[in-house]
$ cat protein-v2.tsv   # TSV, C-alpha atoms and all ligand atoms
chain	number	residue	atom	x	y	z
A	1	MET	CA	29.83	18.23	-46.72
A	2	ALA	CA	26.41	17.18	-45.49
A	3	VAL	CA	26.13	15.02	-42.41
A	4	GLN	CA	24.56	11.60	-42.99
A	5	ILE	CA	23.47	9.04	-40.41
A	6	SER	CA	23.51	5.32	-41.15
A	7	PRO	CA	22.01	3.26	-38.30
A	8	SER	CA	23.46	-0.23	-38.03
A	9	ILE	CA	20.98	-3.06	-37.59
A	10	LEU	CA	23.64	-5.36	-36.13
A	11	THR	CA	22.31	-5.40	-32.59
A	12	ALA	CA	18.63	-5.05	-33.57
A	13	ASP	CA	16.11	-7.90	-33.85
A	14	PHE	CA	17.06	-9.94	-36.93
A	15	ALA	CA	13.64	-11.63	-36.92
A	16	ARG	CA	11.98	-8.24	-37.58
A	17	LEU	CA	14.21	-6.45	-40.02
A	18	ALA	CA	11.38	-4.61	-41.79
A	19	ASP	CA	10.23	-3.17	-38.44
A	20	VAL	CA	13.83	-2.35	-37.54
A	21	ALA	CA	14.14	-0.34	-40.76
A	22	ALA	CA	10.78	1.35	-40.20
A	23	LYS	CA	11.94	2.64	-36.82
A	24	VAL	CA	14.41	5.04	-38.44
A	25	ALA	CA	12.53	5.75	-41.70
A	26	GLY	CA	12.21	9.48	-42.28
A	27	ALA	CA	15.10	10.22	-39.92
A	28	ALA	CA	18.08	8.23	-41.23
A	29	ASP	CA	19.83	8.60	-44.59
A	30	TRP	CA	20.85	4.96	-44.89
A	31	LEU	CA	20.41	1.60	-43.24
A	32	HIS	CA	23.80	0.06	-42.41
A	33	VAL	CA	23.86	-3.70	-42.98
A	34	ASP	CA	26.81	-5.59	-41.50
A	35	VAL	CA	27.55	-8.69	-43.56
A	36	MET	CA	29.90	-11.04	-41.66
A	37	ASP	CA	31.11	-14.48	-42.72
A	38	ASN	CA	32.77	-15.88	-39.58
A	39	HIS	CA	36.13	-15.84	-41.41
A	40	PHE	CA	37.12	-12.23	-41.92
A	41	VAL	CA	35.58	-11.49	-38.52
A	42	PRO	CA	34.59	-13.90	-35.71
A	43	ASN	CA	30.86	-13.38	-36.17
A	44	LEU	CA	28.20	-14.51	-38.62
A	45	THR	CA	25.25	-12.37	-39.64
A	46	ILE	CA	23.32	-12.21	-42.89
A	47	GLY	CA	24.11	-12.50	-46.58
A	48	LEU	CA	22.79	-11.82	-50.03
A	49	PRO	CA	19.35	-13.52	-49.78
A	50	VAL	CA	18.42	-11.42	-46.73
A	51	VAL	CA	19.74	-8.25	-48.36
A	52	GLU	CA	17.65	-9.01	-51.46
A	53	SER	CA	14.57	-9.20	-49.24
A	54	LEU	CA	15.48	-6.15	-47.19
A	55	VAL	CA	15.84	-4.01	-50.32
A	56	LYS	CA	12.15	-4.67	-50.98
A	57	ALA	CA	11.12	-4.16	-47.35
A	58	THR	CA	12.34	-0.58	-46.90
A	59	ASP	CA	12.64	2.67	-48.82
A	60	LEU	CA	15.91	3.45	-47.04
A	61	PRO	CA	18.95	2.82	-49.21
A	62	LEU	CA	21.10	-0.02	-47.87
A	63	ASP	CA	24.68	0.69	-46.89
A	64	CYS	CA	26.18	-2.81	-47.03
A	65	HIS	CA	29.41	-3.24	-45.09
A	66	LEU	CA	31.02	-6.50	-46.18
A	67	MET	CA	33.22	-7.98	-43.48
A	68	ILE	CA	33.92	-11.10	-45.50
A	69	GLU	CA	36.76	-12.93	-47.17
A	70	ASN	CA	36.83	-12.80	-50.95
A	71	PRO	CA	34.72	-9.65	-51.39
A	72	ASP	CA	35.89	-9.66	-55.02
A	73	ARG	CA	33.60	-12.63	-55.57
A	74	TRP	CA	30.58	-11.36	-53.64
A	75	ALA	CA	30.48	-7.56	-53.58
A	76	PRO	CA	29.06	-6.93	-57.08
A	77	GLY	CA	26.10	-9.18	-56.21
A	78	TYR	CA	25.08	-6.84	-53.40
A	79	ALA	CA	25.13	-3.91	-55.81
A	80	GLU	CA	23.08	-5.90	-58.32
A	81	ALA	CA	20.62	-6.77	-55.54
A	82	GLY	CA	19.90	-3.05	-55.16
A	83	ALA	CA	22.14	-1.92	-52.30
A	84	GLY	CA	22.81	1.81	-52.55
A	85	SER	CA	26.36	1.45	-51.27
A	86	VAL	CA	28.68	-1.54	-51.01
A	87	THR	CA	31.83	-1.37	-48.89
A	88	ILE	CA	34.68	-3.86	-49.14
A	89	HIS	CA	37.64	-4.18	-46.76
A	90	ALA	CA	41.18	-3.31	-47.82
A	91	GLU	CA	42.49	-6.30	-45.84
A	92	ALA	CA	40.27	-8.80	-47.67
A	93	ALA	CA	40.14	-7.58	-51.26
A	94	ARG	CA	42.70	-9.06	-53.64
A	95	ALA	CA	41.65	-7.00	-56.65
A	96	PRO	CA	40.14	-3.88	-55.08
A	97	VAL	CA	40.30	-1.72	-58.20
A	98	ARG	CA	38.38	-4.24	-60.28
A	99	THR	CA	35.87	-4.88	-57.52
A	100	LEU	CA	35.25	-1.19	-56.77
A	101	ARG	CA	34.66	-0.64	-60.50
A	102	GLU	CA	32.24	-3.55	-60.66
A	103	ILE	CA	30.30	-2.16	-57.71
A	104	ARG	CA	29.97	1.21	-59.46
A	105	LYS	CA	29.09	-0.43	-62.76
A	106	ALA	CA	26.26	-2.27	-61.03
A	107	GLY	CA	24.88	1.09	-59.89
A	108	ALA	CA	25.99	1.34	-56.26
A	109	ARG	CA	28.41	3.64	-54.50
A	110	ALA	CA	31.76	1.99	-53.93
A	111	GLY	CA	33.01	1.98	-50.35
A	112	PHE	CA	36.46	1.02	-49.08
A	113	ALA	CA	37.03	0.15	-45.41
A	114	LEU	CA	40.17	0.23	-43.28
A	115	ASN	CA	40.62	-1.75	-40.08
A	116	PRO	CA	42.20	0.12	-37.17
A	117	ALA	CA	45.71	-1.16	-37.99
A	118	THR	CA	45.51	-0.36	-41.71
A	119	ALA	CA	47.17	2.89	-42.75
A	120	VAL	CA	45.15	5.24	-44.94
A	121	GLN	CA	48.27	6.59	-46.70
A	122	ASP	CA	48.79	3.18	-48.33
A	123	TYR	CA	45.56	3.62	-50.30
A	124	GLU	CA	45.89	7.19	-51.51
A	125	ASP	CA	46.30	6.01	-55.10
A	126	LEU	CA	42.90	4.29	-54.97
A	127	LEU	CA	40.88	7.37	-54.03
A	128	GLY	CA	39.71	7.88	-57.60
A	129	GLU	CA	37.97	4.50	-57.45
A	130	ILE	CA	36.18	5.19	-54.18
A	131	ASP	CA	32.91	6.98	-53.34
A	132	MET	CA	33.22	6.48	-49.60
A	133	LEU	CA	36.16	5.73	-47.34
A	134	LEU	CA	35.31	3.93	-44.08
A	135	VAL	CA	37.65	4.36	-41.14
A	136	MET	CA	36.77	1.67	-38.59
A	137	THR	CA	36.74	3.05	-35.07
A	138	VAL	CA	36.57	-0.42	-33.47
A	139	GLU	CA	37.95	-3.79	-34.55
A	140	PRO	CA	35.15	-5.10	-36.78
A	141	GLY	CA	32.96	-7.98	-35.68
A	142	PHE	CA	30.62	-6.80	-32.97
A	143	GLY	CA	28.34	-3.96	-32.01
A	144	GLY	CA	28.49	-2.18	-28.69
A	145	GLN	CA	32.29	-1.84	-28.48
A	146	SER	CA	34.07	1.25	-27.18
A	147	PHE	CA	35.14	3.91	-29.64
A	148	LEU	CA	38.90	3.89	-30.30
A	149	ASP	CA	40.12	7.43	-29.70
A	150	ILE	CA	43.44	6.53	-31.29
A	151	MET	CA	41.65	6.55	-34.67
A	152	LEU	CA	41.00	10.30	-34.56
A	153	PRO	CA	44.34	11.22	-36.19
A	154	LYS	CA	43.58	8.69	-38.96
A	155	ILE	CA	40.19	10.31	-39.62
A	156	ARG	CA	41.99	13.65	-39.88
A	157	LYS	CA	44.59	12.18	-42.20
A	158	ALA	CA	41.89	10.59	-44.36
A	159	ARG	CA	40.06	13.92	-44.66
A	160	GLU	CA	43.30	15.64	-45.60
A	161	LEU	CA	44.04	13.08	-48.36
A	162	ILE	CA	40.48	13.35	-49.67
A	163	ARG	CA	40.73	17.13	-49.77
A	164	LYS	CA	44.04	16.89	-51.58
A	165	HIS	CA	42.60	14.42	-54.07
A	166	GLY	CA	39.55	16.59	-54.78
A	167	GLY	CA	36.17	15.24	-55.85
A	168	GLU	CA	33.42	14.17	-53.53
A	169	ILE	CA	34.44	11.21	-51.41
A	170	TRP	CA	32.43	10.60	-48.26
A	171	LEU	CA	34.28	9.74	-45.05
A	172	GLN	CA	32.45	7.25	-42.87
A	173	VAL	CA	33.18	6.18	-39.29
A	174	ASP	CA	31.84	2.95	-37.80
A	175	GLY	CA	32.14	1.61	-34.28
A	176	GLY	CA	31.31	3.16	-30.92
A	177	VAL	CA	29.78	6.25	-32.49
A	178	SER	CA	27.39	7.83	-29.98
A	179	SER	CA	26.37	11.15	-28.44
A	180	THR	CA	29.67	11.15	-26.55
A	181	THR	CA	31.95	10.50	-29.56
A	182	ILE	CA	30.19	11.84	-32.66
A	183	GLU	CA	31.34	15.44	-32.24
A	184	ARG	CA	34.99	14.39	-32.12
A	185	CYS	CA	34.51	12.36	-35.30
A	186	ALA	CA	32.82	15.25	-37.08
A	187	GLU	CA	35.49	17.68	-35.94
A	188	ALA	CA	38.14	15.30	-37.32
A	189	GLY	CA	36.41	15.34	-40.73
A	190	ALA	CA	33.95	12.43	-40.86
A	191	ASP	CA	30.63	13.11	-42.59
A	192	VAL	CA	28.84	9.73	-42.60
A	193	PHE	CA	28.18	8.22	-39.18
A	194	VAL	CA	27.27	4.61	-38.50
A	195	ALA	CA	25.64	4.04	-35.13
A	196	GLY	CA	24.28	0.72	-33.92
A	197	ASN	CA	23.83	0.52	-30.20
A	198	ALA	CA	23.42	4.26	-29.79
A	199	VAL	CA	20.38	4.19	-32.09
A	200	TYR	CA	18.76	0.80	-31.53
A	201	GLY	CA	19.59	0.65	-27.84
A	202	SER	CA	17.65	3.87	-27.31
A	203	ASP	CA	13.94	4.22	-26.56
A	204	ASP	CA	13.29	6.36	-29.62
A	205	PRO	CA	15.63	5.39	-32.49
A	206	ALA	CA	14.31	8.06	-34.90
A	207	GLN	CA	14.78	10.83	-32.35
A	208	THR	CA	18.25	9.54	-31.53
A	209	VAL	CA	19.16	9.76	-35.22
A	210	ARG	CA	17.95	13.39	-35.27
A	211	ASP	CA	19.91	14.17	-32.11
A	212	LEU	CA	23.09	12.60	-33.48
A	213	ARG	CA	22.73	14.56	-36.71
A	214	ALA	CA	22.28	17.83	-34.80
A	215	GLN	CA	25.41	17.08	-32.77
A	216	ALA	CA	27.47	16.23	-35.84
A	217	GLU	CA	26.33	19.42	-37.59
A	218	ARG	CA	27.37	21.57	-34.65
B	301	LIG	C1	31.14	-3.56	-36.26
B	301	LIG	C2	30.15	-3.12	-37.28
B	301	LIG	C3	29.40	-1.91	-36.88
B	301	LIG	C4	28.59	-2.06	-35.61
B	301	LIG	C5	28.55	-0.74	-34.96
B	301	LIG	O1	31.97	-4.53	-36.80
B	301	LIG	O2	30.78	-2.85	-38.50
B	301	LIG	O3	28.60	-1.44	-37.94
B	301	LIG	O4	27.29	-2.50	-35.83
B	301	LIG	O5	27.87	-0.87	-33.77
B	301	LIG	P1	28.05	0.19	-32.59
B	301	LIG	O6	27.59	1.50	-33.10
B	301	LIG	O7	27.19	-0.38	-31.53
B	301	LIG	O8	29.51	0.20	-32.23
B	302	ZN	ZN	29.57	-1.79	-40.00
$ encode --input "protein-v2.tsv" --output "structure tokens" --more "lines below"
Ligand code: DX5
Ligand code: ZN
Amino acid sequence: MAVQISPSILTADFARLADVAAKVAGAADWLHVDVMDNHFVPNLTIGLPVVESLVKATDLPLDCHLMIENPDRWAPGYAEAGAGSVTIHAEAARAPVRTLREIRKAGARAGFALNPATAVQDYEDLLGEIDMLLVMTVEPGFGGQSFLDIMLPKIRKARELIRKHGGEIWLQVDGGVSSTTIERCAEAGADVFVAGNAVYGSDDPAQTVRDLRAQAER
């Protein structure tokens, strides 16, 4: 499984999103866009109109992480807008199978996210509908939080279930991923790494992406 790095723009300058994307162009695989609605999580960021503009402003594929209520209503629109990947939360989706299928039908990869308290075993039957499983390594809502070590066994469990299921399902981690935590995540079986603060809080975001990749590949 190839390592992929998806820098999160959450703590970057929202007034300069094209520049923010350009800073990691050529180094990153994806641009991670955190969509928050102030209901599913206690924070409000950007929505569909901004994503529609951002698709045109960068060549990087957008990895849209929807931390919103009623993703069944909104997720397909992000795929139709040109996002390369659209991730919905297990805790918010009421009809996840239908929604994951609609995301795929609209041409995007279908992602499925689990909050720290959500057990991965409960969703084993859905693996056939999923292109990427996201194990949250912080409670969603904010960048710059500390990595939750207690999620490492869940990453391992997720990798084991994916292996058992067969097929190519990516395993993403998001929250507190940095030079001090990425190796543990990779060792546990993650292959797609979201990093916000670690990348955009550094002096050279592109170089940081390369460094993180090298560490994860070790
Ligand atoms: C948190 C978001 C993350 C966040 C990660 O709810 O889903 O994508 O931006 O930021 P860091 O890497 O700073 O923890
Ligand atoms: Zn995220």
$ residues_around --input "protein-v2.tsv" --residues "Ala186 (chain A)" --least-positions-apart "5" --cutoff "10 Å" --atoms "only C-alpha atoms" --output "ChimeraX atom specification"
/A:3,152,155-156,171-173,181,191-193,215-218
$ closest_atom_pairs --input "protein-v2.tsv" --of "chain A" --to "ligand ZN 302 (chain B)" --cutoff "7 Å" --atoms "all atoms listed in the file" --output "JSON lines"
{"residue": "A:Ser8", "atom": "CA", "partner": "B:ZN302", "partner_atom": "ZN", "distance": 6.6}
{"residue": "A:His32", "atom": "CA", "partner": "B:ZN302", "partner_atom": "ZN", "distance": 6.5}
{"residue": "A:Val33", "atom": "CA", "partner": "B:ZN302", "partner_atom": "ZN", "distance": 6.7}
{"residue": "A:Asp34", "atom": "CA", "partner": "B:ZN302", "partner_atom": "ZN", "distance": 4.9}
{"residue": "A:His65", "atom": "CA", "partner": "B:ZN302", "partner_atom": "ZN", "distance": 5.3}
{"residue": "A:Asp174", "atom": "CA", "partner": "B:ZN302", "partner_atom": "ZN", "distance": 5.7}
{"residue": "A:Val194", "atom": "CA", "partner": "B:ZN302", "partner_atom": "ZN", "distance": 7.0}
$ write_last_selection --input "protein-v2.tsv" --atoms "C-alpha atoms" --output "PDB file, in the frame of the given file"
ATOM      1  CA  SER A   8      23.460  -0.230 -38.030  1.00  0.00           C
ATOM      2  CA  HIS A  32      23.800   0.060 -42.410  1.00  0.00           C
ATOM      3  CA  VAL A  33      23.860  -3.700 -42.980  1.00  0.00           C
ATOM      4  CA  ASP A  34      26.810  -5.590 -41.500  1.00  0.00           C
ATOM      5  CA  HIS A  65      29.410  -3.240 -45.090  1.00  0.00           C
ATOM      6  CA  ASP A 174      31.840   2.950 -37.800  1.00  0.00           C
ATOM      7  CA  VAL A 194      27.270   4.610 -38.500  1.00  0.00           C
TER       8      VAL A 194
END
$ residues_near_ligand --input "protein-v2.tsv" --ligand "ligand LIG 301 (chain B)" --cutoff "8 Å" --atoms "all atoms listed in the file" --output "PyMOL selection string"
chain A and resi 7-11+32-34+65+67+136+138-147+174-178+194-199
$ atom_distance --input "protein-v2.tsv" --atom1 "CA of Val55 (chain A)" --atom2 "CA of Met132 (chain A)"
20.3 Å
$ atom_distance --input "protein-v2.tsv" --atom1 "CA of Pro116 (chain A)" --atom2 "CA of Ile68 (chain A)"
16.2 Å
$ residues_around --input "protein-v2.tsv" --residues "Val209 (chain A)" --least-positions-apart "2" --cutoff "9 Å" --atoms "all atoms listed in the file" --output "NGL selection string"
:A and (5-7 or 24 or 27-28 or 195 or 198-199 or 204-207 or 211-214)
$ atom_distance --input "protein-v2.tsv" --atom1 "CA of Gly107 (chain A)" --atom2 "CA of Ala95 (chain A)"
18.9 Å
$ closest_residue --input "protein-v2.tsv" --among "A:Ala93, A:Ala113, A:Met1, A:Ala81" --to "Arg163 (chain A)" --atoms "only C-alpha atoms"
A:Met1
$ axis_aligned_box --input "protein-v2.tsv" --around "region 194-204 of chain A" --padding-each-side "6 Å" --output "lines of an AutoDock Vina configuration file"
center_x = 20.3
center_y = 3.4
center_z = -32.5
size_x = 26.0
size_y = 17.8
size_z = 23.9
$ closest_residue --input "protein-v2.tsv" --among "A:Ile150, A:His165, A:Phe14, A:Ile130" --to "Arg101 (chain A)" --atoms "all atoms listed in the file"
A:Ile130
$ closest_residue --input "protein-v2.tsv" --among "A:Ile46, A:Leu148, A:Ala110, A:Ala117" --to "Leu133 (chain A)" --atoms "all atoms listed in the file"
A:Ala110
$ build_atoms --input "protein-v2.tsv" --residues "region 149-171 of chain A" --atoms "N, CA and C atoms" --output "short mmCIF file (atom, residue, chain, number, x, y, z; two decimals), keeping the file's coordinate frame"
data_model
loop_
_atom_site.label_atom_id
_atom_site.label_comp_id
_atom_site.auth_asym_id
_atom_site.auth_seq_id
_atom_site.Cartn_x
_atom_site.Cartn_y
_atom_site.Cartn_z
N ASP A 149 39.65 6.04 -29.55
CA ASP A 149 40.12 7.43 -29.70
C ASP A 149 41.37 7.54 -30.56
N ILE A 150 42.18 6.49 -30.53
CA ILE A 150 43.44 6.53 -31.29
C ILE A 150 43.20 6.58 -32.80
N MET A 151 41.95 6.44 -33.24
CA MET A 151 41.65 6.55 -34.67
C MET A 151 41.41 7.99 -35.12
N LEU A 152 41.30 8.91 -34.18
CA LEU A 152 41.00 10.30 -34.56
C LEU A 152 42.05 10.91 -35.50
N PRO A 153 43.35 10.69 -35.24
CA PRO A 153 44.34 11.22 -36.19
C PRO A 153 44.19 10.61 -37.59
N LYS A 154 43.76 9.34 -37.65
CA LYS A 154 43.58 8.69 -38.96
C LYS A 154 42.39 9.31 -39.71
N ILE A 155 41.34 9.64 -38.98
CA ILE A 155 40.19 10.31 -39.62
C ILE A 155 40.66 11.65 -40.19
N ARG A 156 41.45 12.36 -39.41
CA ARG A 156 41.99 13.65 -39.88
C ARG A 156 42.85 13.48 -41.12
N LYS A 157 43.70 12.47 -41.07
CA LYS A 157 44.59 12.18 -42.20
C LYS A 157 43.77 11.83 -43.45
N ALA A 158 42.74 10.99 -43.25
CA ALA A 158 41.89 10.59 -44.36
C ALA A 158 41.22 11.81 -44.99
N ARG A 159 40.71 12.71 -44.14
CA ARG A 159 40.06 13.92 -44.66
C ARG A 159 41.05 14.77 -45.44
N GLU A 160 42.26 14.85 -44.93
CA GLU A 160 43.30 15.64 -45.60
C GLU A 160 43.62 15.05 -46.98
N LEU A 161 43.74 13.73 -47.07
CA LEU A 161 44.04 13.08 -48.36
C LEU A 161 42.89 13.25 -49.34
N ILE A 162 41.66 13.18 -48.81
CA ILE A 162 40.48 13.35 -49.67
C ILE A 162 40.45 14.78 -50.22
N ARG A 163 40.73 15.72 -49.35
CA ARG A 163 40.73 17.13 -49.77
C ARG A 163 41.78 17.35 -50.86
N LYS A 164 42.94 16.77 -50.63
CA LYS A 164 44.04 16.89 -51.58
C LYS A 164 43.68 16.26 -52.93
N HIS A 165 42.99 15.14 -52.85
CA HIS A 165 42.60 14.42 -54.07
C HIS A 165 41.54 15.19 -54.85
N GLY A 166 40.66 15.89 -54.13
CA GLY A 166 39.55 16.59 -54.78
C GLY A 166 38.42 15.62 -55.04
N GLY A 167 37.32 16.12 -55.59
CA GLY A 167 36.17 15.24 -55.85
C GLY A 167 35.42 14.97 -54.56
N GLU A 168 34.25 14.39 -54.71
CA GLU A 168 33.42 14.17 -53.53
C GLU A 168 33.50 12.74 -53.03
N ILE A 169 34.34 12.53 -52.03
CA ILE A 169 34.44 11.21 -51.41
C ILE A 169 33.95 11.35 -49.97
N TRP A 170 32.95 10.54 -49.62
CA TRP A 170 32.43 10.60 -48.26
C TRP A 170 33.39 9.89 -47.32
N LEU A 171 33.41 10.35 -46.06
CA LEU A 171 34.28 9.74 -45.05
C LEU A 171 33.41 9.22 -43.91
#
